[in-house]
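A.B. asks: Sharing a structure below in structure tokens format, with a few things to ask.
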Amino acid sequence: MAGDSQGVLYVVGTPLGNLEDLSDRARQTLARVDLVAAEDTRRTRGLLSSIGLSRPLIAYHEHNESHQTQRLIAELERGKLIALVSDAGTPLISDPGLRLVSGCLAAGIRVECVPGPSALVAALSICGIAAERFTFEGFLPRRTAARREHLEALRREPRTMVFYEAVHRVKPMVTDLIAVFGPDRQAALARELTKLHESLDVATLAEIGARLGESIPLKGEFVLVVAGAPEASGSSDEVEAQRIFQLLHTELPATTAAKLTAKITGISRNDVYRLTRMEKD
Ligand code: SAM
């Protein structure tokens, strides 16, 4: 840690659910700082009291970020040590903090990380889907049209994709994923990571969609990991035929979907079956 005369912003990762995941270094940092900037002060007070600490807290969330950033930078310039925490996981990962961190860097204030859990890394580490290269998509737009448009842009994304979603939107989101990526794309739904009811379902998007609200309760917090698009094999016409078939097959039986795909693309129905590896009914 830096000397006391110099202000430092510590960006501290906190548990996703299991309090034992708070690192020793995070404890020591929280015990040492003059001020903790917290997304939800009540929640952070609970975390601090669970480890026998009481520190001055200041609310720092999306609605007061701009005003509080100036205030916190002024404190740091006076030599204060400040910790930034979010409700759970790592600040700035779909959480507030960007203005403060970039403001500190611009003002020449030291920023140190005290790394901890993040739901996206936790999910990737257990889902068995390639994690060498991935794209973190965070929360998708709330409105269906905007969400589909966003997903369309990812249709040929070859890297693994990681999404966050709130419980009441997870089912419509999976429906949209099926419509754009097809029902057979491999995926994993991680729920309540590190908590009592942690669960992981690794299956196709269609299977996950069918399990949601059945064997997967619509409760808690979710991370969805989706495998990247397979290397496009064949001509662009064939790739397009596969996409059209998959889209139609989310609503129609395979025979009708194949017939329509053949009509739309001019590719023979047998070739549509071959390309999509479907058995003829
Ligand atoms: N900063 C956090 C991080 O580092 O993961 C993410 C904060 S974001 C506002 C909250 C979202 O993260 C939830 O909607 C969910 O998608 C995911 N999440 C957080 N905790 C989780 C958990 N224990 N299990 C599964 N997903 C979780």
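Following the order of the structure tokens, first chain is A, next is B, and so on, with residues numbered from 1 inside each chain and ligands from 1 in the order they appear.
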Find the residues near ligand 1. Use a cut-off of 9 Å, count only C-alpha atoms and all ligand atoms, and write them as an MDAnalysis selection string.
C.D. replies: chainID A and resid 13:18 86:96 116:123 138:139 163:167 189:195 198:199 220:224
A.B. asks: Just to be explicit: take each residue in the selection above, keep C-alpha atoms, and write the result as a CSV table (one decimal), in the first residue's frame.
C.D. replies:
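So the final result, stored in selection04.csv, reads:
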chain,number,residue,atom,x,y,z
A,13,GLY,CA,-13.8,-7.0,-5.0
A,14,THR,CA,-16.4,-8.4,-2.5
A,15,PRO,CA,-18.2,-11.8,-2.3
A,16,LEU,CA,-20.9,-12.8,-4.8
A,17,GLY,CA,-22.8,-14.5,-1.9
A,18,ASN,CA,-20.4,-16.5,0.2
A,86,SER,CA,-20.1,-2.6,-5.2
A,87,ASP,CA,-23.0,-4.7,-3.8
A,88,ALA,CA,-21.3,-7.9,-4.9
A,89,GLY,CA,-18.3,-8.9,-7.1
A,90,THR,CA,-16.0,-6.5,-8.8
A,91,PRO,CA,-16.8,-2.8,-9.1
A,92,LEU,CA,-17.1,-1.4,-12.7
A,93,ILE,CA,-18.1,-4.9,-14.0
A,94,SER,CA,-21.8,-3.9,-14.8
A,95,ASP,CA,-21.5,-1.8,-11.7
A,96,PRO,CA,-20.7,1.9,-10.9
A,116,GLY,CA,-12.0,-10.5,-5.8
A,117,PRO,CA,-14.8,-12.6,-7.4
A,118,SER,CA,-16.7,-11.6,-10.4
A,119,ALA,CA,-19.8,-13.6,-11.6
A,120,LEU,CA,-18.6,-13.7,-15.2
A,121,VAL,CA,-15.3,-15.3,-14.3
A,122,ALA,CA,-16.9,-17.6,-11.8
A,123,ALA,CA,-19.4,-18.8,-14.4
A,138,GLY,CA,-23.2,-7.7,-19.6
A,139,PHE,CA,-26.9,-6.9,-19.6
A,163,PHE,CA,-24.4,-12.3,-20.5
A,164,TYR,CA,-25.9,-11.1,-17.2
A,165,GLU,CA,-29.6,-11.0,-16.8
A,166,ALA,CA,-32.2,-10.1,-14.1
A,167,VAL,CA,-34.5,-12.9,-13.1
A,189,LEU,CA,-26.8,-21.1,-17.2
A,190,ALA,CA,-25.1,-20.5,-13.8
A,191,ARG,CA,-27.5,-19.6,-11.0
A,192,GLU,CA,-26.8,-18.3,-7.5
A,193,LEU,CA,-23.0,-18.8,-7.7
A,194,THR,CA,-21.3,-19.4,-4.4
A,195,LYS,CA,-24.7,-19.4,-2.6
A,198,GLU,CA,-25.9,-22.6,-6.7
A,199,SER,CA,-26.8,-24.5,-9.8
A,220,GLY,CA,-31.9,-15.6,-7.8
A,221,GLU,CA,-29.1,-14.3,-10.0
A,222,PHE,CA,-28.1,-15.7,-13.4
A,223,VAL,CA,-25.1,-15.7,-15.7
A,224,LEU,CA,-25.6,-17.1,-19.2
A.B. asks: Using DSSP secondary structure from the backbone, list all alpha helix (DSSP H) positions within segment 21-266 of chain A, as a PyMOL selection string.
C.D. replies: chain A and resi 24-32+41-50+65-77+98-106+119-126+144-153+170-181+205-211+236-249+254-265
A.B. asks: Tell me which of A:Met173, A:Ala26, A:Leu98, A:Leu72 sits closest to Ala145 of chain A, counting only C-alpha atoms.
C.D. replies: A:Met173
A.B. asks: Expressed in Å to a single decimal, how great is the separation between atom CA of Gly7 of chain A and atom CA of Leu76 of chain A?
C.D. replies: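 Separation of atom CA of Gly7 of chain A and atom CA of Leu76 of chain A: 4.5 Å.
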A.B. asks: Using only C-alpha atoms, pick whichever of A:Gly108, A:Pro141, A:Gly182, A:Gly128 has the shortest atom-to-atom distance to Arg169 of chain A.
C.D. replies: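 Under the stated criterion, the closest residue is A:Pro141.
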A.B. asks: Can you check which residues of segment 124-163 of chain A DSSP gives as strand (DSSP E) on the backbone and send them as a list in words?
C.D. replies: Phe134, Thr135, Phe136, Glu137, Gly138, Phe139, Thr160, Met161, Val162 and Phe163 of chain A
A.B. asks: Write a file of the just-selected residues containing all heavy atoms, as a CSV table (one decimal), in the first residue's frame.
C.D. replies:
chain,number,residue,atom,x,y,z
A,134,PHE,N,-13.1,-14.7,-24.9
A,134,PHE,CA,-14.6,-14.5,-24.8
A,134,PHE,C,-14.9,-13.0,-24.8
A,134,PHE,O,-14.1,-12.2,-24.7
A,134,PHE,CB,-15.0,-15.1,-23.4
A,134,PHE,CG,-14.5,-14.5,-22.2
A,134,PHE,CD1,-15.1,-13.4,-21.6
A,134,PHE,CD2,-13.3,-15.0,-21.6
A,134,PHE,CE1,-14.5,-12.8,-20.5
A,134,PHE,CE2,-12.8,-14.4,-20.5
A,134,PHE,CZ,-13.4,-13.3,-19.9
A,135,THR,N,-16.2,-12.8,-25.0
A,135,THR,CA,-16.7,-11.4,-25.0
A,135,THR,C,-17.7,-11.3,-23.9
A,135,THR,O,-18.7,-12.1,-23.8
A,135,THR,CB,-17.2,-10.9,-26.4
A,135,THR,OG1,-18.0,-9.8,-26.2
A,135,THR,CG2,-18.0,-12.0,-27.1
A,136,PHE,N,-17.5,-10.3,-23.0
A,136,PHE,CA,-18.5,-10.1,-21.9
A,136,PHE,C,-19.5,-9.1,-22.4
A,136,PHE,O,-19.2,-7.9,-22.7
A,136,PHE,CB,-17.7,-9.5,-20.7
A,136,PHE,CG,-18.7,-9.1,-19.6
A,136,PHE,CD1,-19.6,-10.0,-19.1
A,136,PHE,CD2,-18.6,-7.9,-19.0
A,136,PHE,CE1,-20.5,-9.7,-18.1
A,136,PHE,CE2,-19.5,-7.5,-18.0
A,136,PHE,CZ,-20.4,-8.4,-17.5
A,137,GLU,N,-20.8,-9.5,-22.5
A,137,GLU,CA,-21.8,-8.6,-23.0
A,137,GLU,C,-22.6,-8.0,-21.9
A,137,GLU,O,-23.5,-7.1,-22.2
A,137,GLU,CB,-22.7,-9.4,-24.0
A,137,GLU,CG,-22.0,-9.9,-25.2
A,137,GLU,CD,-21.6,-8.7,-26.1
A,137,GLU,OE1,-22.4,-7.8,-26.3
A,137,GLU,OE2,-20.5,-8.8,-26.6
A,138,GLY,N,-22.4,-8.4,-20.7
A,138,GLY,CA,-23.2,-7.7,-19.6
A,138,GLY,C,-24.7,-7.9,-19.8
A,138,GLY,O,-25.2,-8.9,-20.2
A,139,PHE,N,-25.4,-6.8,-19.4
A,139,PHE,CA,-26.9,-6.9,-19.6
A,139,PHE,C,-27.2,-6.4,-21.0
A,139,PHE,O,-26.7,-5.4,-21.5
A,139,PHE,CB,-27.5,-5.9,-18.6
A,139,PHE,CG,-27.4,-6.3,-17.1
A,139,PHE,CD1,-26.4,-5.9,-16.3
A,139,PHE,CD2,-28.3,-7.2,-16.6
A,139,PHE,CE1,-26.3,-6.3,-15.0
A,139,PHE,CE2,-28.2,-7.6,-15.3
A,139,PHE,CZ,-27.2,-7.2,-14.5
A,160,THR,N,-16.7,-17.2,-27.2
A,160,THR,CA,-17.7,-17.5,-26.1
A,160,THR,C,-18.3,-16.1,-25.7
A,160,THR,O,-17.6,-15.1,-25.6
A,160,THR,CB,-17.0,-18.2,-25.0
A,160,THR,OG1,-16.6,-19.5,-25.4
A,160,THR,CG2,-18.0,-18.4,-23.8
A,161,MET,N,-19.6,-16.1,-25.4
A,161,MET,CA,-20.3,-14.8,-25.0
A,161,MET,C,-20.8,-15.0,-23.6
A,161,MET,O,-21.4,-16.1,-23.3
A,161,MET,CB,-21.4,-14.5,-25.9
A,161,MET,CG,-20.9,-14.1,-27.3
A,161,MET,SD,-22.2,-14.2,-28.6
A,161,MET,CE,-22.1,-16.0,-29.0
A,162,VAL,N,-20.6,-14.0,-22.8
A,162,VAL,CA,-21.1,-14.1,-21.4
A,162,VAL,C,-22.1,-12.9,-21.2
A,162,VAL,O,-21.9,-11.8,-21.5
A,162,VAL,CB,-20.0,-13.9,-20.4
A,162,VAL,CG1,-20.5,-14.1,-19.0
A,162,VAL,CG2,-18.9,-14.9,-20.7
A,163,PHE,N,-23.3,-13.3,-20.7
A,163,PHE,CA,-24.4,-12.3,-20.5
A,163,PHE,C,-24.8,-12.3,-19.0
A,163,PHE,O,-24.9,-13.4,-18.4
A,163,PHE,CB,-25.6,-12.7,-21.3
A,163,PHE,CG,-25.4,-12.8,-22.8
A,163,PHE,CD1,-25.0,-14.0,-23.4
A,163,PHE,CD2,-25.5,-11.6,-23.6
A,163,PHE,CE1,-24.8,-14.1,-24.8
A,163,PHE,CE2,-25.3,-11.7,-24.9
A,163,PHE,CZ,-24.9,-12.9,-25.5
A.B. asks: Nearest residue to Gly266 of chain A out of A:Ala241, A:Leu154, A:Leu81, A:Ala131, using only C-alpha atoms?
C.D. replies: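 Checking each of A:Ala241, A:Leu154, A:Leu81, A:Ala131 against Gly266 of chain A, counting only C-alpha atoms, the winner is A:Ala241.
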